[in-house]
Amino acid sequence: MNTIITPELVSLDKLTAGTKRGVIEALANIVGSAGRSSAVQELTADVWAREETSETGMPGGIAIPHCRTGAVTEATLAFARLAEPVDFGSSDGPADLVFMIAAP
């Protein structure tokens, strides 16, 4: 069994996307760079489609965008501690900790 998260799937204080779509795109690119997706645009589209059905912001500055997709080769968790918080729809404000989950 492979590890769901590795150091290559973690971004600390570097991501400055500004929008949730931008954060999702950046995390999908991280997944692609780690060799877990050769279809980064499909991964981005699948996570975004899921996000549009129900926002994934949680109390405490956390967001958990996620999806099932054929765009990943194995279950993957990418994490970013954002340089600037981004609104993911939580009632208590924007998120600065984002966990993106992609399951095949």
# chains A, B, ... in the order shown; residues from 1 in each chain; ligands from 1
$ residues_around --residues "segment 45-49 of chain A" --least-positions-apart "6" --cutoff "7 Å" --atoms "only C-alpha atoms" --output "JSON, numbers by chain"
{"A": [21, 65, 66, 67, 69]}
$ write_last_selection --atoms "N, CA, C and O atoms" --output "mmCIF file, in the first residue's frame"
data_model
loop_
_atom_site.group_PDB
_atom_site.id
_atom_site.type_symbol
_atom_site.label_atom_id
_atom_site.label_comp_id
_atom_site.auth_asym_id
_atom_site.auth_seq_id
_atom_site.Cartn_x
_atom_site.Cartn_y
_atom_site.Cartn_z
ATOM 1 N N ARG A 21 -10.821 28.491 -6.527
ATOM 2 C CA ARG A 21 -10.497 27.836 -7.806
ATOM 3 C C ARG A 21 -8.978 27.802 -8.010
ATOM 4 O O ARG A 21 -8.413 26.793 -8.420
ATOM 5 N N PRO A 65 -11.566 20.346 -0.017
ATOM 6 C CA PRO A 65 -12.078 20.029 -1.349
ATOM 7 C C PRO A 65 -11.710 18.589 -1.695
ATOM 8 O O PRO A 65 -10.630 18.118 -1.331
ATOM 9 N N HIS A 66 -12.613 17.894 -2.397
ATOM 10 C CA HIS A 66 -12.382 16.471 -2.652
ATOM 11 C C HIS A 66 -13.211 15.978 -3.821
ATOM 12 O O HIS A 66 -14.146 16.653 -4.246
ATOM 13 N N CYS A 67 -12.853 14.791 -4.310
ATOM 14 C CA CYS A 67 -13.630 14.160 -5.375
ATOM 15 C C CYS A 67 -13.173 12.724 -5.586
ATOM 16 O O CYS A 67 -12.112 12.324 -5.123
ATOM 17 N N THR A 69 -12.226 10.463 -8.861
ATOM 18 C CA THR A 69 -11.815 10.821 -10.212
ATOM 19 C C THR A 69 -10.919 9.749 -10.819
ATOM 20 O O THR A 69 -10.178 9.082 -10.100
#
$ residues_around --residues "segment 50-64 of chain A" --least-positions-apart "3" --cutoff "8 Å" --atoms "only C-alpha atoms" --output "short mmCIF file (atom, residue, chain, number, x, y, z; two decimals) with all heavy atoms, in the first residue's frame"
data_model
loop_
_atom_site.label_atom_id
_atom_site.label_comp_id
_atom_site.auth_asym_id
_atom_site.auth_seq_id
_atom_site.Cartn_x
_atom_site.Cartn_y
_atom_site.Cartn_z
N ASP A 46 -12.71 17.97 -11.88
CA ASP A 46 -13.50 17.08 -11.02
C ASP A 46 -13.62 17.61 -9.60
O ASP A 46 -14.70 17.57 -9.00
CB ASP A 46 -12.90 15.67 -11.02
CG ASP A 46 -13.06 14.96 -12.36
OD1 ASP A 46 -13.87 15.43 -13.19
OD2 ASP A 46 -12.38 13.94 -12.56
N VAL A 47 -12.52 18.15 -9.06
CA VAL A 47 -12.59 18.74 -7.71
C VAL A 47 -13.48 19.98 -7.74
O VAL A 47 -14.32 20.18 -6.85
CB VAL A 47 -11.19 19.09 -7.18
CG1 VAL A 47 -11.28 19.82 -5.84
CG2 VAL A 47 -10.33 17.84 -7.02
N CYS A 67 -12.85 14.79 -4.31
CA CYS A 67 -13.63 14.16 -5.38
C CYS A 67 -13.17 12.72 -5.59
O CYS A 67 -12.11 12.32 -5.12
CB CYS A 67 -13.48 14.92 -6.69
SG CYS A 67 -11.85 14.74 -7.46
N PRO A 85 -5.39 33.53 3.66
CA PRO A 85 -6.63 32.74 3.69
C PRO A 85 -7.52 33.00 2.48
O PRO A 85 -7.49 34.09 1.91
CB PRO A 85 -7.33 33.20 4.98
CG PRO A 85 -6.24 33.76 5.83
CD PRO A 85 -5.26 34.36 4.86
N ASP A 87 -11.60 32.20 0.90
CA ASP A 87 -12.98 31.84 1.26
C ASP A 87 -13.40 30.54 0.58
O ASP A 87 -13.47 30.46 -0.63
CB ASP A 87 -13.92 32.97 0.86
CG ASP A 87 -15.36 32.72 1.27
OD1 ASP A 87 -15.62 31.77 2.04
OD2 ASP A 87 -16.23 33.47 0.80
N PHE A 88 -13.68 29.52 1.39
CA PHE A 88 -14.23 28.25 0.90
C PHE A 88 -15.66 28.04 1.39
O PHE A 88 -16.17 26.94 1.34
CB PHE A 88 -13.34 27.08 1.34
CG PHE A 88 -12.21 26.77 0.40
CD1 PHE A 88 -11.04 27.50 0.44
CD2 PHE A 88 -12.32 25.75 -0.54
CE1 PHE A 88 -9.99 27.22 -0.43
CE2 PHE A 88 -11.29 25.47 -1.41
CZ PHE A 88 -10.11 26.20 -1.36
N GLY A 89 -16.29 29.12 1.88
CA GLY A 89 -17.69 29.06 2.23
C GLY A 89 -18.02 28.70 3.67
O GLY A 89 -19.18 28.45 3.98
N SER A 90 -17.05 28.72 4.55
CA SER A 90 -17.34 28.43 5.95
C SER A 90 -18.00 29.65 6.61
O SER A 90 -17.68 30.79 6.28
CB SER A 90 -16.06 28.08 6.71
OG SER A 90 -16.35 27.86 8.08
N SER A 91 -18.89 29.39 7.53
CA SER A 91 -19.61 30.48 8.20
C SER A 91 -18.70 31.32 9.10
O SER A 91 -19.02 32.45 9.42
CB SER A 91 -20.76 29.92 9.04
OG SER A 91 -20.24 29.03 10.03
N ASP A 92 -17.53 30.77 9.50
CA ASP A 92 -16.67 31.53 10.39
C ASP A 92 -15.50 32.22 9.67
O ASP A 92 -14.61 32.76 10.31
CB ASP A 92 -16.16 30.67 11.55
CG ASP A 92 -15.09 29.66 11.14
OD1 ASP A 92 -15.02 29.32 9.95
OD2 ASP A 92 -14.35 29.20 12.03
N GLY A 93 -15.51 32.21 8.34
CA GLY A 93 -14.49 32.95 7.60
C GLY A 93 -13.64 32.07 6.71
O GLY A 93 -13.88 30.87 6.55
N PRO A 94 -12.62 32.68 6.10
CA PRO A 94 -11.79 31.98 5.12
C PRO A 94 -10.90 30.90 5.74
O PRO A 94 -10.68 30.88 6.95
CB PRO A 94 -10.96 33.09 4.48
CG PRO A 94 -10.95 34.19 5.49
CD PRO A 94 -12.23 34.08 6.26
N ALA A 95 -10.38 30.05 4.87
CA ALA A 95 -9.52 28.94 5.28
C ALA A 95 -8.07 29.26 4.97
O ALA A 95 -7.76 29.86 3.96
CB ALA A 95 -9.94 27.67 4.55
N ASP A 96 -7.20 28.82 5.86
CA ASP A 96 -5.76 28.88 5.58
C ASP A 96 -5.12 27.51 5.57
O ASP A 96 -3.96 27.35 5.23
CB ASP A 96 -5.03 29.83 6.52
CG ASP A 96 -5.12 29.42 7.98
OD1 ASP A 96 -5.93 28.55 8.32
OD2 ASP A 96 -4.34 29.97 8.78
N LEU A 97 -5.89 26.48 5.93
CA LEU A 97 -5.44 25.09 5.87
C LEU A 97 -6.34 24.34 4.91
O LEU A 97 -7.55 24.22 5.15
CB LEU A 97 -5.50 24.45 7.26
CG LEU A 97 -4.71 25.14 8.37
CD1 LEU A 97 -4.98 24.46 9.71
CD2 LEU A 97 -3.23 25.17 8.04
N VAL A 98 -5.77 23.84 3.81
CA VAL A 98 -6.57 23.19 2.78
C VAL A 98 -6.05 21.77 2.55
O VAL A 98 -4.86 21.59 2.25
CB VAL A 98 -6.55 23.98 1.46
CG1 VAL A 98 -7.44 23.32 0.42
CG2 VAL A 98 -7.00 25.42 1.70
N PHE A 99 -6.93 20.82 2.71
CA PHE A 99 -6.66 19.41 2.48
C PHE A 99 -7.45 18.98 1.25
O PHE A 99 -8.66 18.96 1.30
CB PHE A 99 -7.11 18.57 3.67
CG PHE A 99 -6.46 18.93 4.97
CD1 PHE A 99 -6.97 19.96 5.75
CD2 PHE A 99 -5.36 18.24 5.43
CE1 PHE A 99 -6.39 20.30 6.96
CE2 PHE A 99 -4.77 18.56 6.64
CZ PHE A 99 -5.29 19.59 7.41
N MET A 100 -6.77 18.68 0.15
CA MET A 100 -7.47 18.24 -1.05
C MET A 100 -7.32 16.73 -1.17
O MET A 100 -6.21 16.20 -1.23
CB MET A 100 -6.92 18.90 -2.32
CG MET A 100 -7.77 18.58 -3.53
SD MET A 100 -7.24 19.42 -5.03
CE MET A 100 -5.98 18.27 -5.58
N ILE A 101 -8.46 16.04 -1.20
CA ILE A 101 -8.49 14.58 -1.28
C ILE A 101 -8.98 14.19 -2.66
O ILE A 101 -10.01 14.68 -3.13
CB ILE A 101 -9.42 13.99 -0.21
CG1 ILE A 101 -8.98 14.43 1.18
CG2 ILE A 101 -9.47 12.48 -0.33
CD1 ILE A 101 -10.01 14.14 2.27
#
$ select_by_dssp --residues "segment 5-96 of chain A" --states "alpha helix (DSSP H)" --output "JSON, numbers by chain"
{"A": [20, 21, 22, 23, 24, 25, 26, 27, 28, 29, 30, 31, 32, 33, 40, 41, 42, 43, 44, 45, 46, 47, 48, 49, 50, 51, 52, 53]}
$ write_last_selection --atoms "N, CA and C atoms" --output "mmCIF file, in the first residue's frame"
data_model
loop_
_atom_site.group_PDB
_atom_site.id
_atom_site.type_symbol
_atom_site.label_atom_id
_atom_site.label_comp_id
_atom_site.auth_asym_id
_atom_site.auth_seq_id
_atom_site.Cartn_x
_atom_site.Cartn_y
_atom_site.Cartn_z
ATOM 1 N N LYS A 20 -10.612 30.197 -4.336
ATOM 2 C CA LYS A 20 -10.655 28.749 -4.107
ATOM 3 C C LYS A 20 -10.371 27.985 -5.392
ATOM 4 N N ARG A 21 -10.821 28.491 -6.527
ATOM 5 C CA ARG A 21 -10.497 27.836 -7.806
ATOM 6 C C ARG A 21 -8.978 27.802 -8.010
ATOM 7 N N GLY A 22 -8.325 28.898 -7.701
ATOM 8 C CA GLY A 22 -6.870 28.973 -7.825
ATOM 9 C C GLY A 22 -6.156 28.013 -6.889
ATOM 10 N N VAL A 23 -6.666 27.873 -5.670
ATOM 11 C CA VAL A 23 -6.076 26.932 -4.711
ATOM 12 C C VAL A 23 -6.236 25.501 -5.220
ATOM 13 N N ILE A 24 -7.424 25.174 -5.717
ATOM 14 C CA ILE A 24 -7.682 23.835 -6.248
ATOM 15 C C ILE A 24 -6.752 23.549 -7.428
ATOM 16 N N GLU A 25 -6.589 24.506 -8.327
ATOM 17 C CA GLU A 25 -5.685 24.333 -9.470
ATOM 18 C C GLU A 25 -4.253 24.110 -9.004
ATOM 19 N N ALA A 26 -3.813 24.910 -8.038
ATOM 20 C CA ALA A 26 -2.445 24.784 -7.535
ATOM 21 C C ALA A 26 -2.216 23.426 -6.875
ATOM 22 N N LEU A 27 -3.182 22.973 -6.075
ATOM 23 C CA LEU A 27 -3.036 21.663 -5.435
ATOM 24 C C LEU A 27 -3.074 20.537 -6.462
ATOM 25 N N ALA A 28 -3.897 20.667 -7.485
ATOM 26 C CA ALA A 28 -3.916 19.660 -8.554
ATOM 27 C C ALA A 28 -2.562 19.606 -9.259
ATOM 28 N N ASN A 29 -1.940 20.748 -9.461
ATOM 29 C CA ASN A 29 -0.605 20.780 -10.060
ATOM 30 C C ASN A 29 0.423 20.106 -9.164
ATOM 31 N N ILE A 30 0.294 20.272 -7.867
ATOM 32 C CA ILE A 30 1.192 19.596 -6.920
ATOM 33 C C ILE A 30 1.018 18.078 -7.038
ATOM 34 N N VAL A 31 -0.236 17.635 -7.138
ATOM 35 C CA VAL A 31 -0.512 16.204 -7.309
ATOM 36 C C VAL A 31 0.127 15.699 -8.604
ATOM 37 N N GLY A 32 0.014 16.469 -9.668
ATOM 38 C CA GLY A 32 0.632 16.089 -10.932
ATOM 39 C C GLY A 32 2.145 16.045 -10.837
ATOM 40 N N SER A 33 2.739 17.039 -10.186
ATOM 41 C CA SER A 33 4.196 17.082 -10.029
ATOM 42 C C SER A 33 4.716 15.922 -9.197
ATOM 43 N N VAL A 40 -3.950 16.627 -14.955
ATOM 44 C CA VAL A 40 -4.148 17.676 -13.954
ATOM 45 C C VAL A 40 -5.391 18.508 -14.243
ATOM 46 N N GLN A 41 -5.654 18.808 -15.510
ATOM 47 C CA GLN A 41 -6.843 19.595 -15.840
ATOM 48 C C GLN A 41 -8.116 18.823 -15.499
ATOM 49 N N GLU A 42 -8.129 17.525 -15.740
ATOM 50 C CA GLU A 42 -9.284 16.702 -15.379
ATOM 51 C C GLU A 42 -9.459 16.659 -13.861
ATOM 52 N N LEU A 43 -8.352 16.512 -13.146
ATOM 53 C CA LEU A 43 -8.414 16.514 -11.679
ATOM 54 C C LEU A 43 -8.984 17.836 -11.177
ATOM 55 N N THR A 44 -8.478 18.939 -11.700
ATOM 56 C CA THR A 44 -8.986 20.259 -11.310
ATOM 57 C C THR A 44 -10.484 20.362 -11.590
ATOM 58 N N ALA A 45 -10.900 19.947 -12.770
ATOM 59 C CA ALA A 45 -12.313 20.025 -13.145
ATOM 60 C C ALA A 45 -13.178 19.160 -12.233
ATOM 61 N N ASP A 46 -12.708 17.970 -11.878
ATOM 62 C CA ASP A 46 -13.500 17.077 -11.022
ATOM 63 C C ASP A 46 -13.623 17.613 -9.597
ATOM 64 N N VAL A 47 -12.525 18.151 -9.057
ATOM 65 C CA VAL A 47 -12.588 18.743 -7.712
ATOM 66 C C VAL A 47 -13.485 19.975 -7.744
ATOM 67 N N TRP A 48 -13.349 20.801 -8.780
ATOM 68 C CA TRP A 48 -14.164 22.016 -8.886
ATOM 69 C C TRP A 48 -15.648 21.680 -9.021
ATOM 70 N N ALA A 49 -15.966 20.660 -9.817
ATOM 71 C CA ALA A 49 -17.366 20.254 -9.982
ATOM 72 C C ALA A 49 -17.948 19.830 -8.637
ATOM 73 N N ARG A 50 -17.190 19.113 -7.850
ATOM 74 C CA ARG A 50 -17.654 18.703 -6.524
ATOM 75 C C ARG A 50 -17.816 19.927 -5.618
ATOM 76 N N GLU A 51 -16.880 20.854 -5.686
ATOM 77 C CA GLU A 51 -16.931 22.069 -4.866
ATOM 78 C C GLU A 51 -18.173 22.893 -5.195
ATOM 79 N N GLU A 52 -18.566 22.908 -6.451
ATOM 80 C CA GLU A 52 -19.743 23.678 -6.849
ATOM 81 C C GLU A 52 -21.041 23.080 -6.324
ATOM 82 N N THR A 53 -21.054 21.792 -5.989
ATOM 83 C CA THR A 53 -22.268 21.192 -5.445
ATOM 84 C C THR A 53 -22.458 21.546 -3.978
#
$ select_by_dssp --residues "chain A" --states "strand (DSSP E or B)" --output "PyMOL selection string"
chain A and resi 10-12+57-58+62-63+66-68+76-86+95-103
$ closest_residue --among "A:Ala39, A:Pro104, A:Val86, A:Ala80" --to "Lys14 of chain A" --atoms "only C-alpha atoms"
A:Ala80
$ atom_distance --atom1 "atom CA of Ser38 of chain A" --atom2 "atom CA of Asp13 of chain A"
25.3 Å
$ atom_distance --atom1 "atom CA of Leu12 of chain A" --atom2 "atom CA of Ala78 of chain A"
11.2 Å
$ residues_around --residues "Ile5 of chain A" --least-positions-apart "6" --cutoff "9 Å" --atoms "only C-alpha atoms" --output "list in words"
Ala75, Thr76, Leu77, Ala78 and Phe79 of chain A
$ atom_distance --atom1 "atom CA of Val72 of chain A" --atom2 "atom CA of Ser37 of chain A"
4.6 Å
$ closest_residue --among "A:Ala103, A:Ala71, A:Ala34, A:Glu84" --to "Val10 of chain A" --atoms "only C-alpha atoms"
A:Ala34
$ closest_residue --among "A:Gly18, A:Arg68, A:Thr73, A:Leu82" --to "Ala102 of chain A" --atoms "only C-alpha atoms"
A:Arg68
